[in-house]
Structures are given as structure tokens and as C-alpha cells.
Amino acid sequence: MSEIPASFEDIPKKCKDLFKKGFNFGVYKLEVENSAKSDVKFSVDGNLNSDTGHLAGSFQVEKKFPDSGVKIFEKWESDNKINTVMSIEDALLKGSKATLDITFFPLTSAKSAKLKTVYKRDYVHAGVNVDLDMEGATVHGHFVTGYKGWLAGIESSFDAAKSTLLSTNFIAGYKADEFQVHTKIQGYNDFSGGYYHKLSAKSEVGVDLGWNIDNNVRFGVGHKYLIDKNSHLNSKVDNKGHIGIGYTNKLTDAVTLTLSSLIDSKNFAAGGHKVGMALKFDN
């Protein structure tokens, strides 16, 4: 049985998703996606920020070449940003992936590039990312090992131009079929942890907490409840008195509606509460 651990970034994913997915406070979003059974995928989206009035949109196209493991992704954004991502999997070594991520701003001619490499196999998930810059490169490395549910990992960033270690982070956790727990140390001054539990086929709960050396404390509880096969309810609350509620309904096979609201319970009379809506068409 394969036992490939999650990447450093994805170890807390189950818990984080309960606090992020299904919520779009202060944003009205429309997305149209063509995910027909083919090697080419198109999507167009637009969103309006109710706080700033800023309207933004993008067009994305993704092309897969299954025989070679190559995938090309391109995204054009309304704020004059073009992003091109080219990746190839299992070319040199089974379990390996190499990605070149290029961003270009036509108005200013500014550009940036990232080279990402990943290797994963039983008990190991490792990678090196390089931010390419005219002034020098910044190298980010991560390594995770796992055995029988236990996970441990390290992540570090190094400025090659200045020969300076920028940050070092650690994570450890345990993953079972119905629950996960993790703890993370960022730069020796920020400590966080999370717990995820699938209570039943319809109910999931997560706890997110954090503390730093400035004595700033973060604590939150998130929950997802499956109402039926087409709809679910998300809710979360934190120690600042913010209450988030999200409702997602698959109206038809091709249309999904998400409604969400954020309430500031400590300043209820002052207002400042937010609502959001997302409508997705997928054919």
C-alpha cells in the first residue's frame, strides 16, 4: 500500500479548507468553466469587491498532453497580468515533477519566474523552488517524511544573492482515516496548530489555533454539514467574534450557487458585516 506523505504546505489542508472553502465575504463572483472530458479546459471568471468597487476578471486555458505528462496553463487577468505555467511529471524519475512559472506585466514590462521541482515516493515528499530575479535567486526547500500516519517536515528559504537564511519552519502531525492533527513553528516566533475530525458522513469539524511572541492569540472553530447530495452548510467562529456562514447548493448539474455572510458579533450595531455570492457554470 502506497504511503506518500502530503507536502509541507498540504499537511494542514483538511483543517484549513473548513475555514476557507465556501466563504467569499465581500465579493460577488461569476465563473464559467468548460471541463468537458477533453485535454483542453477553459474558464472565465469575474468578481466585484463590494468594499472597494474594484471589478476584476480573468481568462484561463489549460492543455494536457497525457502521453508525455506535460501540462500548459495560461491565465490572462484584467489588471494586465499574464501568467504561464508549464509542468512535466515523471519525465526523469517516477514521482518527480518540474514546473516553470512565468509572470509578465505588459504595461510595465516587469516579469518574474519561478522554477519548482517536486519528488515524492513512499515515506518522502520533497521539493525545491527557486524565485528567479535579476538581482539574484531565492531558494525555498521543503522536506516531509511520513510513516504509519506520523508526519514531520521542515521548510526553509535562502537568499542566494546575500547568502542569508531567510526563514526556517517546522511541522509535525498525525493523520488517520477520520481525524488529523498538526502543529507548526514558523521562524521560532509563531506557533500554530490544528485538528480535523470527520464526525460522520455528513459532518466535519476543525479547530485552528495560533500564538506568537507578541502574545497575539488566534482561535477558531469551523464546521461543514452536508444537508443532502446537492447542498452543504459551512460555518466558523473565531476569538475576535467573527461569525462566518456559507451555503452552497448545486442547483443543476452545471450550476452551483454559493452564498456567504460574515458577522462581527462584537460590533454588531456598528455594522461592517459582509455578504458574498458566487455563481459557477460548469459544462
# chains A, B, ... in the order shown; residues from 1 in each chain; ligands from 1
>>> residues_around(residues="A:Leu166", least_positions_apart="4", cutoff="8 Å", atoms="only C-alpha atoms", output="PyMOL selection string")
chain A and resi 156-159
>>> closest_residue(among="A:Gly244, A:Leu115, A:Asn49, A:Tyr195", to="A:Lys175", atoms="only C-alpha atoms")
A:Tyr195
>>> residues_around(residues="A:Phe104", least_positions_apart="2", cutoff="12 Å", atoms="only C-alpha atoms", output="ChimeraX atom specification")
/A:74-77,79-85,101-102,106-113
>>> select_by_dssp(residues="stretch 90-279 of chain A", states="strand (DSSP E)", output="number ranges by chain")
A: 96-105, 110-121, 124-132, 138-147, 150-159, 164-175, 179-186, 190-198, 203-212, 217-228, 231-238, 242-250, 255-264, 274-279
>>> atom_distance(atom1="atom CA of A:Val118", atom2="atom CA of A:Ile4")
12.6 Å
>>> residues_around(residues="A:Gly206", least_positions_apart="2", cutoff="9 Å", atoms="only C-alpha atoms", output="ChimeraX atom specification")
/A:14-16,18-19,194-198,204,208,220-224
>>> write_last_selection(atoms="N, CA, C and O atoms", output="PDB file, in the first residue's frame")
ATOM      1  N   LYS A  14      -6.778  19.776   5.247  1.00  0.00           N
ATOM      2  CA  LYS A  14      -8.117  19.367   5.660  1.00  0.00           C
ATOM      3  C   LYS A  14      -8.720  20.359   6.640  1.00  0.00           C
ATOM      4  O   LYS A  14      -9.891  20.731   6.541  1.00  0.00           O
ATOM      5  N   CYS A  15      -7.929  20.793   7.588  1.00  0.00           N
ATOM      6  CA  CYS A  15      -8.408  21.747   8.582  1.00  0.00           C
ATOM      7  C   CYS A  15      -8.604  23.133   7.964  1.00  0.00           C
ATOM      8  O   CYS A  15      -9.632  23.784   8.178  1.00  0.00           O
ATOM      9  N   LYS A  16      -7.653  23.580   7.173  1.00  0.00           N
ATOM     10  CA  LYS A  16      -7.735  24.911   6.567  1.00  0.00           C
ATOM     11  C   LYS A  16      -8.935  25.058   5.639  1.00  0.00           C
ATOM     12  O   LYS A  16      -9.544  26.123   5.559  1.00  0.00           O
ATOM     13  N   LEU A  18     -11.853  23.957   5.946  1.00  0.00           N
ATOM     14  CA  LEU A  18     -13.072  24.249   6.691  1.00  0.00           C
ATOM     15  C   LEU A  18     -13.203  25.741   7.001  1.00  0.00           C
ATOM     16  O   LEU A  18     -14.302  26.231   7.260  1.00  0.00           O
ATOM     17  N   PHE A  19     -12.087  26.469   6.962  1.00  0.00           N
ATOM     18  CA  PHE A  19     -12.103  27.906   7.259  1.00  0.00           C
ATOM     19  C   PHE A  19     -12.057  28.766   5.992  1.00  0.00           C
ATOM     20  O   PHE A  19     -12.270  29.973   6.074  1.00  0.00           O
ATOM     21  N   GLY A 194      -3.612  22.659  14.500  1.00  0.00           N
ATOM     22  CA  GLY A 194      -4.954  22.422  14.005  1.00  0.00           C
ATOM     23  C   GLY A 194      -5.386  20.992  14.234  1.00  0.00           C
ATOM     24  O   GLY A 194      -4.558  20.075  14.357  1.00  0.00           O
ATOM     25  N   TYR A 195      -6.707  20.826  14.310  1.00  0.00           N
ATOM     26  CA  TYR A 195      -7.276  19.491  14.499  1.00  0.00           C
ATOM     27  C   TYR A 195      -8.479  19.352  13.569  1.00  0.00           C
ATOM     28  O   TYR A 195      -9.340  20.237  13.521  1.00  0.00           O
ATOM     29  N   TYR A 196      -8.526  18.273  12.815  1.00  0.00           N
ATOM     30  CA  TYR A 196      -9.638  17.990  11.907  1.00  0.00           C
ATOM     31  C   TYR A 196     -10.245  16.647  12.276  1.00  0.00           C
ATOM     32  O   TYR A 196      -9.529  15.685  12.565  1.00  0.00           O
ATOM     33  N   HIS A 197     -11.585  16.591  12.257  1.00  0.00           N
ATOM     34  CA  HIS A 197     -12.258  15.334  12.591  1.00  0.00           C
ATOM     35  C   HIS A 197     -13.496  15.176  11.718  1.00  0.00           C
ATOM     36  O   HIS A 197     -14.340  16.072  11.663  1.00  0.00           O
ATOM     37  N   LYS A 198     -13.594  14.061  11.039  1.00  0.00           N
ATOM     38  CA  LYS A 198     -14.796  13.714  10.292  1.00  0.00           C
ATOM     39  C   LYS A 198     -15.720  12.964  11.231  1.00  0.00           C
ATOM     40  O   LYS A 198     -15.533  11.770  11.491  1.00  0.00           O
ATOM     41  N   GLU A 204     -18.209  17.456   9.432  1.00  0.00           N
ATOM     42  CA  GLU A 204     -16.775  17.606   9.654  1.00  0.00           C
ATOM     43  C   GLU A 204     -16.531  18.830  10.529  1.00  0.00           C
ATOM     44  O   GLU A 204     -17.216  19.846  10.375  1.00  0.00           O
ATOM     45  N   ASP A 208      -8.654  25.565  14.724  1.00  0.00           N
ATOM     46  CA  ASP A 208      -7.434  26.248  14.304  1.00  0.00           C
ATOM     47  C   ASP A 208      -6.984  27.174  15.432  1.00  0.00           C
ATOM     48  O   ASP A 208      -7.795  27.933  15.984  1.00  0.00           O
ATOM     49  N   GLY A 220     -10.079  29.435  16.449  1.00  0.00           N
ATOM     50  CA  GLY A 220     -11.294  29.346  15.657  1.00  0.00           C
ATOM     51  C   GLY A 220     -11.796  27.921  15.548  1.00  0.00           C
ATOM     52  O   GLY A 220     -11.038  26.959  15.679  1.00  0.00           O
ATOM     53  N   VAL A 221     -13.094  27.801  15.312  1.00  0.00           N
ATOM     54  CA  VAL A 221     -13.732  26.502  15.108  1.00  0.00           C
ATOM     55  C   VAL A 221     -14.511  26.559  13.798  1.00  0.00           C
ATOM     56  O   VAL A 221     -15.266  27.515  13.561  1.00  0.00           O
ATOM     57  N   GLY A 222     -14.304  25.585  12.939  1.00  0.00           N
ATOM     58  CA  GLY A 222     -15.005  25.521  11.672  1.00  0.00           C
ATOM     59  C   GLY A 222     -15.792  24.226  11.543  1.00  0.00           C
ATOM     60  O   GLY A 222     -15.412  23.188  12.114  1.00  0.00           O
ATOM     61  N   HIS A 223     -16.888  24.276  10.794  1.00  0.00           N
ATOM     62  CA  HIS A 223     -17.747  23.097  10.661  1.00  0.00           C
ATOM     63  C   HIS A 223     -18.362  23.050   9.268  1.00  0.00           C
ATOM     64  O   HIS A 223     -18.687  24.091   8.685  1.00  0.00           O
ATOM     65  N   LYS A 224     -18.492  21.870   8.731  1.00  0.00           N
ATOM     66  CA  LYS A 224     -19.159  21.652   7.447  1.00  0.00           C
ATOM     67  C   LYS A 224     -20.210  20.569   7.634  1.00  0.00           C
ATOM     68  O   LYS A 224     -19.919  19.495   8.173  1.00  0.00           O
TER      69      LYS A 224
END
>>> residues_around(residues="A:Asn215", least_positions_apart="4", cutoff="10 Å", atoms="only C-alpha atoms", output="VMD selection string")
chain A and resid 190 210 to 211
>>> residues_around(residues="A:Arg121", least_positions_apart="3", cutoff="12 Å", atoms="only C-alpha atoms", output="list in words")
Met1, Ser2, Glu3, Ile4, Pro5, Ala6, Ser7, Asp90, Leu93, Lys94, Gly95, Ser96, Lys97, Val118, Val124, His125, Ala126, Gly127, Phe143, Val144, Thr145, Gly146 and Tyr147 of chain A
>>> write_last_selection(atoms="N, CA, C and O atoms", output="mmCIF file, in the first residue's frame")
data_model
loop_
_atom_site.group_PDB
_atom_site.id
_atom_site.type_symbol
_atom_site.label_atom_id
_atom_site.label_comp_id
_atom_site.auth_asym_id
_atom_site.auth_seq_id
_atom_site.Cartn_x
_atom_site.Cartn_y
_atom_site.Cartn_z
ATOM 1 N N MET A 1 0.846 -1.204 0.000
ATOM 2 C CA MET A 1 0.000 0.000 0.000
ATOM 3 C C MET A 1 0.878 1.249 0.000
ATOM 4 O O MET A 1 1.792 1.384 0.807
ATOM 5 N N SER A 2 0.607 2.149 -0.923
ATOM 6 C CA SER A 2 1.401 3.367 -1.038
ATOM 7 C C SER A 2 1.176 4.283 0.172
ATOM 8 O O SER A 2 0.057 4.420 0.661
ATOM 9 N N GLU A 3 2.255 4.880 0.633
ATOM 10 C CA GLU A 3 2.162 5.792 1.773
ATOM 11 C C GLU A 3 2.995 7.036 1.480
ATOM 12 O O GLU A 3 4.025 7.296 2.102
ATOM 13 N N ILE A 4 2.551 7.807 0.489
ATOM 14 C CA ILE A 4 3.232 9.051 0.127
ATOM 15 C C ILE A 4 2.681 10.175 1.008
ATOM 16 O O ILE A 4 1.480 10.442 0.990
ATOM 17 N N PRO A 5 3.513 10.838 1.789
ATOM 18 C CA PRO A 5 3.012 11.915 2.666
ATOM 19 C C PRO A 5 2.632 13.154 1.872
ATOM 20 O O PRO A 5 3.070 13.351 0.733
ATOM 21 N N ALA A 6 1.806 14.006 2.491
ATOM 22 C CA ALA A 6 1.439 15.279 1.876
ATOM 23 C C ALA A 6 2.650 16.206 1.856
ATOM 24 O O ALA A 6 3.635 15.995 2.573
ATOM 25 N N SER A 7 2.579 17.239 1.027
ATOM 26 C CA SER A 7 3.648 18.232 1.010
ATOM 27 C C SER A 7 3.598 19.049 2.301
ATOM 28 O O SER A 7 2.612 19.001 3.052
ATOM 29 N N ASP A 90 6.956 12.872 -14.033
ATOM 30 C CA ASP A 90 7.515 11.529 -14.224
ATOM 31 C C ASP A 90 8.420 11.425 -15.446
ATOM 32 O O ASP A 90 8.579 10.345 -16.030
ATOM 33 N N LEU A 93 12.184 10.859 -13.582
ATOM 34 C CA LEU A 93 12.110 9.893 -12.492
ATOM 35 C C LEU A 93 10.659 9.773 -12.055
ATOM 36 O O LEU A 93 9.964 10.785 -11.942
ATOM 37 N N LYS A 94 10.190 8.579 -11.826
ATOM 38 C CA LYS A 94 8.812 8.383 -11.391
ATOM 39 C C LYS A 94 8.609 9.077 -10.042
ATOM 40 O O LYS A 94 9.390 8.888 -9.112
ATOM 41 N N GLY A 95 7.566 9.889 -9.968
ATOM 42 C CA GLY A 95 7.296 10.648 -8.751
ATOM 43 C C GLY A 95 7.845 12.056 -8.787
ATOM 44 O O GLY A 95 7.641 12.825 -7.850
ATOM 45 N N SER A 96 8.505 12.418 -9.886
ATOM 46 C CA SER A 96 9.087 13.758 -9.999
ATOM 47 C C SER A 96 8.172 14.678 -10.810
ATOM 48 O O SER A 96 7.393 14.230 -11.643
ATOM 49 N N LYS A 97 8.291 15.962 -10.541
ATOM 50 C CA LYS A 97 7.545 16.976 -11.285
ATOM 51 C C LYS A 97 8.368 18.248 -11.338
ATOM 52 O O LYS A 97 8.923 18.688 -10.334
ATOM 53 N N VAL A 118 9.557 18.910 -7.576
ATOM 54 C CA VAL A 118 8.976 18.080 -6.515
ATOM 55 C C VAL A 118 9.352 16.631 -6.767
ATOM 56 O O VAL A 118 9.381 16.173 -7.919
ATOM 57 N N VAL A 124 8.276 9.811 1.597
ATOM 58 C CA VAL A 124 9.037 11.036 1.323
ATOM 59 C C VAL A 124 8.261 11.959 0.380
ATOM 60 O O VAL A 124 7.679 11.505 -0.614
ATOM 61 N N HIS A 125 8.276 13.254 0.702
ATOM 62 C CA HIS A 125 7.736 14.286 -0.197
ATOM 63 C C HIS A 125 8.664 15.495 -0.062
ATOM 64 O O HIS A 125 8.719 16.128 0.991
ATOM 65 N N ALA A 126 9.412 15.808 -1.117
ATOM 66 C CA ALA A 126 10.421 16.863 -1.035
ATOM 67 C C ALA A 126 10.352 17.745 -2.267
ATOM 68 O O ALA A 126 9.833 17.357 -3.315
ATOM 69 N N GLY A 127 10.880 18.960 -2.136
ATOM 70 C CA GLY A 127 10.880 19.855 -3.276
ATOM 71 C C GLY A 127 11.789 21.045 -3.075
ATOM 72 O O GLY A 127 12.125 21.406 -1.942
ATOM 73 N N PHE A 143 10.917 19.484 2.935
ATOM 74 C CA PHE A 143 11.085 18.033 3.038
ATOM 75 C C PHE A 143 10.123 17.501 4.080
ATOM 76 O O PHE A 143 10.055 18.031 5.193
ATOM 77 N N VAL A 144 9.367 16.474 3.718
ATOM 78 C CA VAL A 144 8.427 15.833 4.643
ATOM 79 C C VAL A 144 8.646 14.331 4.592
ATOM 80 O O VAL A 144 8.804 13.752 3.511
ATOM 81 N N THR A 145 8.649 13.712 5.751
ATOM 82 C CA THR A 145 8.689 12.260 5.819
ATOM 83 C C THR A 145 7.498 11.771 6.640
ATOM 84 O O THR A 145 7.035 12.469 7.550
ATOM 85 N N GLY A 146 7.000 10.617 6.273
ATOM 86 C CA GLY A 146 5.835 10.090 6.968
ATOM 87 C C GLY A 146 5.901 8.579 7.083
ATOM 88 O O GLY A 146 6.417 7.889 6.191
ATOM 89 N N TYR A 147 5.362 8.066 8.195
ATOM 90 C CA TYR A 147 5.356 6.621 8.411
ATOM 91 C C TYR A 147 4.194 6.259 9.313
ATOM 92 O O TYR A 147 4.069 6.778 10.430
#
>>> closest_residue(among="A:Phe170, A:Ala254, A:Asp17, A:Ala278", to="A:Val207", atoms="only C-alpha atoms")
A:Asp17
>>> residues_around(residues="A:Thr117", least_positions_apart="4", cutoff="10 Å", atoms="only C-alpha atoms", output="mmCIF file with all heavy atoms, in the first residue's frame")
data_model
loop_
_atom_site.group_PDB
_atom_site.id
_atom_site.type_symbol
_atom_site.label_atom_id
_atom_site.label_comp_id
_atom_site.auth_asym_id
_atom_site.auth_seq_id
_atom_site.Cartn_x
_atom_site.Cartn_y
_atom_site.Cartn_z
ATOM 1 N N SER A 87 4.464 22.457 -16.911
ATOM 2 C CA SER A 87 4.934 21.417 -15.995
ATOM 3 C C SER A 87 5.044 20.079 -16.714
ATOM 4 O O SER A 87 4.370 19.831 -17.715
ATOM 5 C CB SER A 87 3.991 21.293 -14.801
ATOM 6 O OG SER A 87 2.709 20.865 -15.212
ATOM 7 N N ILE A 88 5.889 19.221 -16.162
ATOM 8 C CA ILE A 88 6.056 17.874 -16.694
ATOM 9 C C ILE A 88 6.254 16.918 -15.515
ATOM 10 O O ILE A 88 6.995 17.217 -14.571
ATOM 11 C CB ILE A 88 7.245 17.797 -17.678
ATOM 12 C CG1 ILE A 88 7.343 16.399 -18.267
ATOM 13 C CG2 ILE A 88 8.550 18.236 -17.035
ATOM 14 C CD1 ILE A 88 8.298 16.292 -19.442
ATOM 15 N N GLU A 89 5.556 15.788 -15.563
ATOM 16 C CA GLU A 89 5.611 14.811 -14.477
ATOM 17 C C GLU A 89 6.216 13.493 -14.939
ATOM 18 O O GLU A 89 6.028 13.068 -16.084
ATOM 19 C CB GLU A 89 4.201 14.552 -13.926
ATOM 20 C CG GLU A 89 3.572 15.743 -13.222
ATOM 21 C CD GLU A 89 2.278 15.361 -12.514
ATOM 22 O OE1 GLU A 89 2.302 14.428 -11.689
ATOM 23 O OE2 GLU A 89 1.245 15.999 -12.791
ATOM 24 N N SER A 96 8.505 12.418 -9.886
ATOM 25 C CA SER A 96 9.087 13.758 -9.999
ATOM 26 C C SER A 96 8.172 14.678 -10.810
ATOM 27 O O SER A 96 7.393 14.230 -11.643
ATOM 28 C CB SER A 96 10.460 13.699 -10.662
ATOM 29 O OG SER A 96 10.336 13.290 -12.019
ATOM 30 N N LYS A 97 8.291 15.962 -10.541
ATOM 31 C CA LYS A 97 7.545 16.976 -11.285
ATOM 32 C C LYS A 97 8.368 18.248 -11.338
ATOM 33 O O LYS A 97 8.923 18.688 -10.334
ATOM 34 C CB LYS A 97 6.194 17.257 -10.614
ATOM 35 C CG LYS A 97 5.351 18.294 -11.350
ATOM 36 C CD LYS A 97 4.000 18.500 -10.665
ATOM 37 C CE LYS A 97 3.156 19.520 -11.401
ATOM 38 N NZ LYS A 97 1.836 19.723 -10.755
ATOM 39 N N ALA A 98 8.462 18.836 -12.526
ATOM 40 C CA ALA A 98 9.180 20.098 -12.699
ATOM 41 C C ALA A 98 8.223 21.112 -13.315
ATOM 42 O O ALA A 98 7.475 20.792 -14.245
ATOM 43 C CB ALA A 98 10.395 19.905 -13.600
ATOM 44 N N THR A 99 8.251 22.338 -12.785
ATOM 45 C CA THR A 99 7.323 23.379 -13.227
ATOM 46 C C THR A 99 8.064 24.684 -13.431
ATOM 47 O O THR A 99 8.875 25.088 -12.591
ATOM 48 C CB THR A 99 6.207 23.595 -12.186
ATOM 49 O OG1 THR A 99 5.518 22.366 -11.957
ATOM 50 C CG2 THR A 99 5.221 24.652 -12.659
ATOM 51 N N LEU A 100 7.772 25.352 -14.545
ATOM 52 C CA LEU A 100 8.287 26.700 -14.800
ATOM 53 C C LEU A 100 7.091 27.651 -14.789
ATOM 54 O O LEU A 100 6.155 27.508 -15.575
ATOM 55 C CB LEU A 100 8.998 26.766 -16.146
ATOM 56 C CG LEU A 100 9.570 28.136 -16.541
ATOM 57 C CD1 LEU A 100 10.619 28.593 -15.525
ATOM 58 C CD2 LEU A 100 10.157 28.099 -17.945
ATOM 59 N N ALA A 126 9.412 15.808 -1.117
ATOM 60 C CA ALA A 126 10.421 16.863 -1.035
ATOM 61 C C ALA A 126 10.352 17.745 -2.267
ATOM 62 O O ALA A 126 9.833 17.357 -3.315
ATOM 63 C CB ALA A 126 11.819 16.256 -0.902
ATOM 64 N N GLY A 127 10.880 18.960 -2.136
ATOM 65 C CA GLY A 127 10.880 19.855 -3.276
ATOM 66 C C GLY A 127 11.789 21.045 -3.075
ATOM 67 O O GLY A 127 12.125 21.406 -1.942
ATOM 68 N N VAL A 128 12.179 21.655 -4.198
ATOM 69 C CA VAL A 128 12.985 22.882 -4.186
ATOM 70 C C VAL A 128 12.365 23.848 -5.186
ATOM 71 O O VAL A 128 12.145 23.491 -6.346
ATOM 72 C CB VAL A 128 14.458 22.601 -4.567
ATOM 73 C CG1 VAL A 128 15.233 23.916 -4.651
ATOM 74 C CG2 VAL A 128 15.099 21.662 -3.569
ATOM 75 N N ASN A 129 12.079 25.067 -4.727
ATOM 76 C CA ASN A 129 11.557 26.129 -5.588
ATOM 77 C C ASN A 129 12.574 27.260 -5.629
ATOM 78 O O ASN A 129 13.147 27.625 -4.599
ATOM 79 C CB ASN A 129 10.226 26.669 -5.059
ATOM 80 C CG ASN A 129 9.171 25.583 -4.941
ATOM 81 O OD1 ASN A 129 9.256 24.548 -5.598
ATOM 82 N ND2 ASN A 129 8.174 25.813 -4.111
ATOM 83 N N VAL A 130 12.763 27.825 -6.819
ATOM 84 C CA VAL A 130 13.721 28.912 -6.981
ATOM 85 C C VAL A 130 13.002 30.112 -7.589
ATOM 86 O O VAL A 130 12.442 30.015 -8.691
ATOM 87 C CB VAL A 130 14.905 28.496 -7.884
ATOM 88 C CG1 VAL A 130 15.900 29.652 -7.988
ATOM 89 C CG2 VAL A 130 15.588 27.248 -7.340
ATOM 90 N N GLY A 141 13.214 25.423 0.040
ATOM 91 C CA GLY A 141 13.248 23.964 0.074
ATOM 92 C C GLY A 141 12.307 23.414 1.128
ATOM 93 O O GLY A 141 12.079 24.046 2.163
#
>>> closest_residue(among="A:Ala161, A:Ile263, A:Leu226, A:Val181", to="A:Asp238", atoms="only C-alpha atoms")
A:Ile263
>>> closest_residue(among="A:Lys274, A:Lys71, A:Lys162, A:His140", to="A:Asn24", atoms="only C-alpha atoms")
A:Lys274
>>> closest_atom_pairs(of="stretch 214-264 of chain A", to="stretch 29-33 of chain A", cutoff="10 Å", atoms="only C-alpha atoms", output="CSV")
residue,atom,partner,partner_atom,distance
A:Ala254,CA,A:Glu33,CA,9.4
A:Val255,CA,A:Val32,CA,9.3
A:Thr256,CA,A:Glu31,CA,9.8
A:Leu257,CA,A:Leu30,CA,9.7
A:Thr258,CA,A:Lys29,CA,9.4
>>> decode(residues="stretch 246-261 of chain A", atoms="N, CA, C and O atoms", output="compact mmCIF listing (two decimals), in the first residue's frame")
# COMPACT_ATOMS: atom_id res chain seq x y z
N GLY A 246 -21.71 30.01 5.36
CA GLY A 246 -21.73 29.83 3.92
C GLY A 246 -22.66 28.69 3.52
O GLY A 246 -22.71 27.65 4.19
N TYR A 247 -23.40 28.91 2.45
CA TYR A 247 -24.33 27.89 1.96
C TYR A 247 -24.06 27.64 0.48
O TYR A 247 -24.03 28.58 -0.32
N THR A 248 -23.82 26.40 0.13
CA THR A 248 -23.54 26.03 -1.26
C THR A 248 -24.58 25.04 -1.74
O THR A 248 -24.89 24.06 -1.06
N ASN A 249 -25.13 25.33 -2.93
CA ASN A 249 -26.18 24.47 -3.49
C ASN A 249 -25.89 24.23 -4.97
O ASN A 249 -25.69 25.18 -5.73
N LYS A 250 -25.86 22.97 -5.34
CA LYS A 250 -25.70 22.61 -6.75
C LYS A 250 -27.10 22.60 -7.36
O LYS A 250 -27.85 21.62 -7.26
N LEU A 251 -27.48 23.73 -8.00
CA LEU A 251 -28.83 23.91 -8.49
C LEU A 251 -29.15 22.93 -9.61
O LEU A 251 -30.27 22.40 -9.69
N THR A 252 -28.20 22.72 -10.50
CA THR A 252 -28.33 21.73 -11.56
C THR A 252 -26.97 21.06 -11.72
O THR A 252 -26.01 21.41 -11.02
N ASP A 253 -26.85 20.15 -12.66
CA ASP A 253 -25.56 19.51 -12.90
C ASP A 253 -24.50 20.51 -13.34
O ASP A 253 -23.30 20.26 -13.20
N ALA A 254 -24.94 21.66 -13.88
CA ALA A 254 -23.99 22.63 -14.43
C ALA A 254 -23.92 23.94 -13.66
O ALA A 254 -23.06 24.78 -13.96
N VAL A 255 -24.78 24.15 -12.67
CA VAL A 255 -24.84 25.43 -11.97
C VAL A 255 -24.72 25.23 -10.46
O VAL A 255 -25.47 24.45 -9.87
N THR A 256 -23.77 25.95 -9.84
CA THR A 256 -23.57 25.90 -8.40
C THR A 256 -23.63 27.31 -7.82
O THR A 256 -22.96 28.23 -8.33
N LEU A 257 -24.41 27.49 -6.78
CA LEU A 257 -24.58 28.78 -6.13
C LEU A 257 -24.00 28.72 -4.72
O LEU A 257 -24.26 27.78 -3.97
N THR A 258 -23.21 29.75 -4.36
CA THR A 258 -22.68 29.86 -3.01
C THR A 258 -23.03 31.23 -2.43
O THR A 258 -22.76 32.26 -3.06
N LEU A 259 -23.63 31.24 -1.25
CA LEU A 259 -23.97 32.46 -0.53
C LEU A 259 -23.24 32.45 0.80
O LEU A 259 -23.14 31.40 1.46
N SER A 260 -22.69 33.59 1.20
CA SER A 260 -21.96 33.62 2.47
C SER A 260 -22.13 34.97 3.16
O SER A 260 -22.42 35.98 2.52
N SER A 261 -21.93 34.95 4.48
CA SER A 261 -22.08 36.17 5.28
C SER A 261 -21.10 36.14 6.44
O SER A 261 -20.87 35.09 7.04
